[in-house]
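Novice: Mind having a look at this structure? Questions to follow.
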Amino acid sequence: MTLIDSDGWRTGWRSADYVTAFETAFAQYTGADQAIAFNSGGTALEMILRTLRLRPGDEVISCAVNFVGPHIAVIGQGGQLVLAEPDPVTLNLDPADTERAMGPRTRAILVTHWNGATADIARFTELAARRPHPVHGPPRVIVDAARACGGRTPSGARVGAEGWATLFSFESKKLMTTLGQGGMVTTNDPALARQLEDLRTYGGREGWGTNQLLTKAQAAVGMVQLARLDDMNAARIARAHARTAALADIPELDLPPSLDESRHLYYRHNLLLPEEWAGGRRDELMNTLAARYGVGSIISDPVTYLAHGLIRHHTLGQCCPRAEQLAARLLCPCLHPQMTSTEEALIRDSIRAATADITRSRPPTS
Ligand SMILES: *Cc1c(COP(=O)(O)O)cnc(C)c1O
């Protein structure tokens with residue numbers, strides 16, 4: 001792409017050429033028919049859900065262990081959020097529990113590729129086809145790939161090629177970024193693509209819309225980031241696999257699965273602590289890591305209905321015990337491919353030492 005196009009005299013008035021070039025490259029990369037850029041992943045998801053025109057009581061199923069954003073979007077677009085349990089290994093939405101949660105009011109299944117481990121989207125599409133809504137047909141499979149840009153699903157497809165609509169985020173923490181904020185939707189449904197284009201630019205010539213475009217500077221950066229994405233992901237995967245191998249002999253730690261062929265991008269390198277450590281001792285380990293060893297960690301992610309008031313209020317009466325149990329055992333120390341090997345070694349040694357500190361502080365009762 002040249003920065004001055006054939007309409008060079010109009011440069012400064014138009015952002016479309018840059019954005020269109022980025023959209024075309026992104027669609028090609030993912031294998032989807034179309035890509036529609038947005039100013040954030042959050043607005044992209046709101047607009048996907050908006051096209052469903054959810055009525056009170058219309059249900060959207062989503063995994064209880066999640067980023068809060070997708071759940072707030074469902075509530076914001078007038079849907080009833082129905083929580084389902086995570087798979088115990090990947091913590092992605094569990095297909096079996098999704099089937100249990102499905103009913104005659106299910107309009108959509110919202111699948112998050114949680115922390116970079118890809119979910120089996122083909123399986124959810126097949127599930128939706130078997131359980132059509134009486135008026136609207138098969139529930140829509142909407143994929144939140146904010147943390148899985150560049151991954152491949154178990155079927156071998158690039159993330160973004162499967163499902164009805166997939167949203168990506170280019171916010172600064174994500175696997176690629178467009179100057180700190182940005183988003184994209186991929187889809188093979190031309191009617192959805194047209195609606196999304198209208199929604200992000202004042203409704204086309206017909207309906208409601210607002211301004212949700214990416215800037216051309218962001219699109220230009222997106223082109224560069226996209227060209228580097230596979231290399232950046234490969235570096236992250238290599239570092240994650242090395243950390244997993246280095247921590248493998250610590251009996252207290254359940255480590256993330258080492259999946260091949262970009263089926264896990266390790267947006268987070270999550271540790272699962274022993275069941276007896278759920279909650280209190282997990283928090284002790286977190287504090288010890290920070291206070292004694294200077295290593296920061298986060299909980300990514302808590303169960304959304306325990307972490308966020310609006311979601312708690314909206315889902316009163318729903319409970320996902322497996323999600324609560326697993327989330328209380330999660331601990332995520334920082335991981336980044338650009339940390340030096342000295343920094344990485346310090347983090348690994350600190351995890352080992354702090355885990356031993358916690359074990360020693362209260363030996364298991366026999
Ligand atoms: C970051 C993120 C979003 C929202 O993306 P923004 O671009 O920050 O609005 C949605 N879902 C998940 C899982 C995310 O990690």
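Lettering and numbering for the structure tokens are positional, with chains as A, B, ... in the shown order, residues counted from 1 in each chain, and ligands counted from 1 in the shown order.
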Please, which residues have at least one atom within 7 Å of an atom of ligand 1, using only C-alpha atoms and all ligand atoms, listed as a PyMOL selection string?
Specialist: chain A and resi 40-43+66-67+69-70+112+114+144-147+169-171+174+181-183
Novice: Using only C-alpha atoms, pick whichever of A:His241, A:Arg205, A:Arg329, A:Arg53 has the shortest atom-to-atom distance to Leu273 of chain A.
Specialist: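 Counting only C-alpha atoms, the residue closest to Leu273 of chain A is A:Arg329.
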Novice: Contacts of Gly209 of chain A at 10 Å or less, counting only C-alpha atoms, minus same-chain residues fewer than 6 places along, as an mmCIF file with all heavy atoms, in the first residue's frame?
Specialist:
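The result, written out as out-v6.cif:
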data_model
loop_
_atom_site.group_PDB
_atom_site.id
_atom_site.type_symbol
_atom_site.label_atom_id
_atom_site.label_comp_id
_atom_site.auth_asym_id
_atom_site.auth_seq_id
_atom_site.Cartn_x
_atom_site.Cartn_y
_atom_site.Cartn_z
ATOM 1 N N MET A 47 -22.107 -3.945 18.094
ATOM 2 C CA MET A 47 -22.786 -3.791 16.810
ATOM 3 C C MET A 47 -23.199 -5.142 16.218
ATOM 4 O O MET A 47 -24.258 -5.261 15.618
ATOM 5 C CB MET A 47 -21.909 -3.008 15.826
ATOM 6 C CG MET A 47 -21.710 -1.556 16.231
ATOM 7 S SD MET A 47 -23.277 -0.650 16.527
ATOM 8 C CE MET A 47 -23.205 -0.407 18.302
ATOM 9 N N GLN A 195 -24.630 -4.455 7.107
ATOM 10 C CA GLN A 195 -25.226 -3.801 8.279
ATOM 11 C C GLN A 195 -24.159 -3.188 9.183
ATOM 12 O O GLN A 195 -24.330 -2.085 9.711
ATOM 13 C CB GLN A 195 -26.035 -4.822 9.089
ATOM 14 C CG GLN A 195 -27.336 -5.241 8.438
ATOM 15 C CD GLN A 195 -28.062 -6.251 9.335
ATOM 16 O OE1 GLN A 195 -28.657 -5.879 10.344
ATOM 17 N NE2 GLN A 195 -27.995 -7.516 8.965
ATOM 18 N N LEU A 196 -23.057 -3.908 9.353
ATOM 19 C CA LEU A 196 -21.997 -3.394 10.233
ATOM 20 C C LEU A 196 -21.356 -2.145 9.643
ATOM 21 O O LEU A 196 -21.053 -1.182 10.360
ATOM 22 C CB LEU A 196 -20.946 -4.478 10.480
ATOM 23 C CG LEU A 196 -21.397 -5.679 11.317
ATOM 24 C CD1 LEU A 196 -20.284 -6.722 11.401
ATOM 25 C CD2 LEU A 196 -21.816 -5.258 12.728
ATOM 26 N N GLU A 197 -21.170 -2.147 8.317
ATOM 27 C CA GLU A 197 -20.586 -0.961 7.665
ATOM 28 C C GLU A 197 -21.487 0.249 7.867
ATOM 29 O O GLU A 197 -21.010 1.361 8.127
ATOM 30 C CB GLU A 197 -20.381 -1.230 6.168
ATOM 31 C CG GLU A 197 -19.112 -2.016 5.897
ATOM 32 C CD GLU A 197 -19.041 -2.566 4.475
ATOM 33 O OE1 GLU A 197 -19.948 -2.267 3.659
ATOM 34 O OE2 GLU A 197 -18.076 -3.288 4.189
ATOM 35 N N ASP A 198 -22.789 0.041 7.775
ATOM 36 C CA ASP A 198 -23.726 1.147 7.984
ATOM 37 C C ASP A 198 -23.718 1.620 9.442
ATOM 38 O O ASP A 198 -23.701 2.825 9.713
ATOM 39 C CB ASP A 198 -25.146 0.731 7.592
ATOM 40 C CG ASP A 198 -25.307 0.621 6.069
ATOM 41 O OD1 ASP A 198 -24.376 1.049 5.353
ATOM 42 O OD2 ASP A 198 -26.347 0.114 5.622
ATOM 43 N N LEU A 199 -23.719 0.663 10.363
ATOM 44 C CA LEU A 199 -23.775 1.030 11.783
ATOM 45 C C LEU A 199 -22.567 1.863 12.195
ATOM 46 O O LEU A 199 -22.673 2.762 13.022
ATOM 47 C CB LEU A 199 -23.846 -0.235 12.655
ATOM 48 C CG LEU A 199 -25.215 -0.918 12.700
ATOM 49 C CD1 LEU A 199 -25.091 -2.297 13.355
ATOM 50 C CD2 LEU A 199 -26.223 -0.067 13.469
ATOM 51 N N ARG A 200 -21.415 1.595 11.597
ATOM 52 C CA ARG A 200 -20.217 2.316 12.053
ATOM 53 C C ARG A 200 -20.067 3.667 11.354
ATOM 54 O O ARG A 200 -19.178 4.437 11.697
ATOM 55 C CB ARG A 200 -18.967 1.460 11.853
ATOM 56 C CG ARG A 200 -18.502 1.417 10.447
ATOM 57 C CD ARG A 200 -17.156 0.854 10.212
ATOM 58 N NE ARG A 200 -16.974 0.877 8.761
ATOM 59 C CZ ARG A 200 -16.057 0.252 8.107
ATOM 60 N NH1 ARG A 200 -15.180 -0.474 8.748
ATOM 61 N NH2 ARG A 200 -15.978 0.348 6.804
ATOM 62 N N THR A 201 -20.875 3.947 10.311
ATOM 63 C CA THR A 201 -20.804 5.266 9.670
ATOM 64 C C THR A 201 -22.207 5.846 9.500
ATOM 65 O O THR A 201 -22.731 5.907 8.390
ATOM 66 C CB THR A 201 -20.101 5.215 8.300
ATOM 67 O OG1 THR A 201 -20.520 4.038 7.624
ATOM 68 C CG2 THR A 201 -18.599 5.223 8.419
ATOM 69 N N TYR A 202 -22.788 6.225 10.585
ATOM 70 C CA TYR A 202 -24.043 6.980 10.599
ATOM 71 C C TYR A 202 -25.172 6.349 9.802
ATOM 72 O O TYR A 202 -25.965 7.036 9.160
ATOM 73 C CB TYR A 202 -23.785 8.432 10.170
ATOM 74 C CG TYR A 202 -22.934 9.146 11.187
ATOM 75 C CD1 TYR A 202 -21.624 9.476 10.909
ATOM 76 C CD2 TYR A 202 -23.446 9.415 12.446
ATOM 77 C CE1 TYR A 202 -20.830 10.081 11.868
ATOM 78 C CE2 TYR A 202 -22.658 10.013 13.417
ATOM 79 C CZ TYR A 202 -21.352 10.353 13.126
ATOM 80 O OH TYR A 202 -20.571 10.934 14.083
ATOM 81 N N GLY A 203 -25.228 5.013 9.831
ATOM 82 C CA GLY A 203 -26.398 4.338 9.293
ATOM 83 C C GLY A 203 -26.491 4.282 7.780
ATOM 84 O O GLY A 203 -27.582 4.073 7.240
#
Novice: Could you tell me which of A:Met184, A:Val65, A:Ile237, A:Ile109 comes closest to Pro302 of chain A if we count only C-alpha atoms?
Specialist: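 Smallest distance to Pro302 of chain A is found for A:Val65.
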Novice: Residues of segment 10-226 of chain A classed as helix (DSSP H, G or I) by DSSP on the backbone are to be reported as a PyMOL selection string.
Specialist: chain A and resi 10+16-30+41-50+68-76+95-101+114-116+121-130+190-200+216-226
Novice: Rank A:Pro134, A:Gly294, A:Gly204, A:Pro256 by their smallest atom-to-atom distance to Pro88 of chain A, using only C-alpha atoms, and report the top residue only.
Specialist: A:Pro256
Novice: Do you have the atom CA of Asp97 of chain A-atom CA of Gly137 of chain A distance handy?
Specialist: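 So the two atoms, atom CA of Asp97 of chain A and atom CA of Gly137 of chain A, lie 20.6 Å apart.
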Novice: If you count only C-alpha atoms, which residues fall within 10 Å of Asn92 of chain A, apart from same-chain ones fewer than 6 positions away, as a ChimeraX atom specification?
Specialist: /A:62-66,85-86,111-120
Novice: Output the selection as a short mmCIF file (atom, residue, chain, number, x, y, z; two decimals), in the first residue's frame - N, CA, C and O atoms for each residue.
Specialist:
data_model
loop_
_atom_site.label_atom_id
_atom_site.label_comp_id
_atom_site.auth_asym_id
_atom_site.auth_seq_id
_atom_site.Cartn_x
_atom_site.Cartn_y
_atom_site.Cartn_z
N SER A 62 -23.02 -17.85 27.19
CA SER A 62 -21.59 -17.51 27.21
C SER A 62 -20.94 -18.12 28.45
O SER A 62 -21.61 -18.37 29.46
N CYS A 63 -19.64 -18.34 28.36
CA CYS A 63 -18.92 -18.98 29.46
C CYS A 63 -18.77 -18.03 30.65
O CYS A 63 -18.43 -16.86 30.49
N ALA A 64 -18.99 -18.57 31.86
CA ALA A 64 -18.96 -17.75 33.08
C ALA A 64 -17.57 -17.25 33.42
O ALA A 64 -17.43 -16.19 34.03
N VAL A 65 -16.53 -17.99 33.05
CA VAL A 65 -15.16 -17.49 33.23
C VAL A 65 -14.82 -16.72 31.97
O VAL A 65 -14.68 -17.31 30.89
N ASN A 66 -14.70 -15.40 32.09
CA ASN A 66 -14.64 -14.59 30.88
C ASN A 66 -14.17 -13.19 31.23
O ASN A 66 -14.20 -12.79 32.39
N GLU A 85 -20.76 -23.41 31.87
CA GLU A 85 -19.50 -23.80 32.52
C GLU A 85 -18.34 -23.87 31.53
O GLU A 85 -18.54 -24.11 30.34
N PRO A 86 -17.12 -23.71 32.03
CA PRO A 86 -15.93 -23.88 31.19
C PRO A 86 -15.49 -25.35 31.12
O PRO A 86 -15.75 -26.13 32.05
N VAL A 111 -18.90 -17.40 21.98
CA VAL A 111 -17.75 -18.22 22.37
C VAL A 111 -16.49 -17.35 22.43
O VAL A 111 -16.09 -16.77 21.42
N THR A 112 -15.89 -17.25 23.59
CA THR A 112 -14.61 -16.55 23.72
C THR A 112 -13.47 -17.56 23.59
O THR A 112 -13.49 -18.59 24.26
N HIS A 113 -12.52 -17.26 22.70
CA HIS A 113 -11.28 -18.05 22.69
C HIS A 113 -10.48 -17.55 23.88
O HIS A 113 -9.71 -16.59 23.80
N TRP A 114 -10.67 -18.23 25.01
CA TRP A 114 -10.21 -17.69 26.28
C TRP A 114 -8.69 -17.67 26.40
O TRP A 114 -8.04 -18.72 26.35
N ASN A 115 -8.13 -16.50 26.54
CA ASN A 115 -6.69 -16.33 26.80
C ASN A 115 -5.79 -16.99 25.76
O ASN A 115 -4.67 -17.36 26.05
N GLY A 116 -6.31 -17.16 24.54
CA GLY A 116 -5.45 -17.63 23.46
C GLY A 116 -5.61 -19.10 23.12
O GLY A 116 -5.11 -19.54 22.07
N ALA A 117 -6.28 -19.87 23.96
CA ALA A 117 -6.56 -21.27 23.62
C ALA A 117 -7.83 -21.29 22.76
O ALA A 117 -8.85 -20.78 23.18
N THR A 118 -7.74 -21.87 21.58
CA THR A 118 -8.90 -21.75 20.69
C THR A 118 -9.95 -22.81 21.01
O THR A 118 -9.64 -23.95 21.33
N ALA A 119 -11.21 -22.38 20.90
CA ALA A 119 -12.34 -23.28 21.10
C ALA A 119 -12.70 -23.93 19.76
O ALA A 119 -12.33 -23.43 18.70
N ASP A 120 -13.44 -25.04 19.85
CA ASP A 120 -13.82 -25.79 18.66
C ASP A 120 -15.10 -25.17 18.07
O ASP A 120 -16.21 -25.59 18.39
#
Novice: Would you mind reading off the distance between atom CA of Ile299 of chain A and atom CA of Val68 of chain A, one decimal, in Å?
Specialist: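 That distance, rounded to one decimal, is 12.9 Å.
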Novice: Enter the distance from atom CA of Arg312 of chain A to atom CA of Cys332 of chain A, in Å, rounded to one decimal.
Specialist: 23.8 Å
Novice: Pick out the closest residue to Ala354 of chain A from this set: A:Ala328, A:Ala219, A:Met286, A:Leu192. Count only C-alpha atoms.
Specialist: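 The shortest atom-to-atom distance to Ala354 of chain A comes from A:Met286.
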Novice: Could you give me, as a list in words, the residues within 8 Å of Pro95 of chain A, counting only C-alpha atoms and dropping anything in the same chain fewer than 2 positions from it?
Specialist: Leu93, Asp97, Thr98, Glu99, Arg123 and Phe124 of chain A
Novice: Return as number ranges by chain the full set of residues in segment 280-361 of chain A whose backbone-based DSSP assignment is strand (DSSP E).
Specialist: A: 297-298, 330-333
Novice: Okay, now the selection with N, CA, C and O atoms, as a PDB file, in the first residue's frame?
Specialist:
ATOM      1  N   SER A 297       1.382 -10.411  39.284  1.00  0.00           N
ATOM      2  CA  SER A 297       0.513 -11.409  38.661  1.00  0.00           C
ATOM      3  C   SER A 297      -0.918 -10.902  38.741  1.00  0.00           C
ATOM      4  O   SER A 297      -1.204  -9.974  39.499  1.00  0.00           O
ATOM      5  N   ILE A 298      -1.784 -11.499  37.952  1.00  0.00           N
ATOM      6  CA  ILE A 298      -3.190 -11.094  37.951  1.00  0.00           C
ATOM      7  C   ILE A 298      -4.062 -12.344  37.993  1.00  0.00           C
ATOM      8  O   ILE A 298      -3.566 -13.468  37.830  1.00  0.00           O
ATOM      9  N   LEU A 330      -6.960 -19.829  39.773  1.00  0.00           N
ATOM     10  CA  LEU A 330      -6.165 -19.234  38.692  1.00  0.00           C
ATOM     11  C   LEU A 330      -5.155 -18.224  39.212  1.00  0.00           C
ATOM     12  O   LEU A 330      -5.466 -17.401  40.060  1.00  0.00           O
ATOM     13  N   LEU A 331      -3.970 -18.266  38.638  1.00  0.00           N
ATOM     14  CA  LEU A 331      -2.986 -17.211  38.884  1.00  0.00           C
ATOM     15  C   LEU A 331      -2.162 -17.025  37.619  1.00  0.00           C
ATOM     16  O   LEU A 331      -1.655 -17.979  37.046  1.00  0.00           O
ATOM     17  N   CYS A 332      -2.018 -15.765  37.204  1.00  0.00           N
ATOM     18  CA  CYS A 332      -1.307 -15.495  35.963  1.00  0.00           C
ATOM     19  C   CYS A 332      -0.157 -14.521  36.186  1.00  0.00           C
ATOM     20  O   CYS A 332      -0.352 -13.304  36.221  1.00  0.00           O
ATOM     21  N   PRO A 333       1.058 -15.044  36.360  1.00  0.00           N
ATOM     22  CA  PRO A 333       2.230 -14.161  36.369  1.00  0.00           C
ATOM     23  C   PRO A 333       2.481 -13.639  34.941  1.00  0.00           C
ATOM     24  O   PRO A 333       2.077 -14.270  33.972  1.00  0.00           O
TER      25      PRO A 333
END
Novice: For Leu255 of chain A, list every protein, DNA or RNA residue within 8 Å, evaluated using only C-alpha atoms, and leave out those in the same chain fewer than 3 positions away; present the list as number ranges by chain.
Specialist: A: 244, 247-248, 270-272
Novice: Could you write those residues out with N, CA and C atoms, as a compact mmCIF listing (two decimals), in the first residue's frame?
Specialist:
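Result written to selection.txt:
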# COMPACT_ATOMS: atom_id res chain seq x y z
N THR A 244 6.48 -23.43 30.61
CA THR A 244 5.76 -24.63 31.03
C THR A 244 6.73 -25.76 31.34
N LEU A 247 8.64 -25.23 34.60
CA LEU A 247 7.88 -25.33 35.85
C LEU A 247 7.25 -26.72 36.04
N ALA A 248 7.50 -27.62 35.07
CA ALA A 248 6.75 -28.88 35.02
C ALA A 248 6.94 -29.76 36.26
N ASN A 270 -1.49 -19.11 32.23
CA ASN A 270 -2.21 -19.25 33.49
C ASN A 270 -1.77 -20.49 34.26
N LEU A 271 -1.54 -20.31 35.54
CA LEU A 271 -1.29 -21.45 36.42
C LEU A 271 -2.59 -21.79 37.13
N LEU A 272 -2.82 -23.11 37.31
CA LEU A 272 -3.97 -23.56 38.12
C LEU A 272 -3.39 -24.17 39.39
Novice: Find the residue from A:Ile48, A:Ile75, A:Leu335, A:Ala291 that sits nearest to His313 of chain A; use only C-alpha atoms when measuring.
Specialist: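 Ranked by minimum distance to His313 of chain A, first place goes to A:Ile75.
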Novice: Between A:Thr187, A:Ser262, A:Asn287, A:Ser350, single out the one closest to Gly163 of chain A, counting only C-alpha atoms.
Specialist: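 Using only C-alpha atoms, Gly163 of chain A sits closest to A:Thr187.
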Novice: Skipping near chain neighbours, those fewer than 3 positions away, what residues fall within 12 Å of Gly78 of chain A using only C-alpha atoms, listed as an MDAnalysis selection string?
Specialist: chainID A and resid 46 49:60 71:75 81 107 314
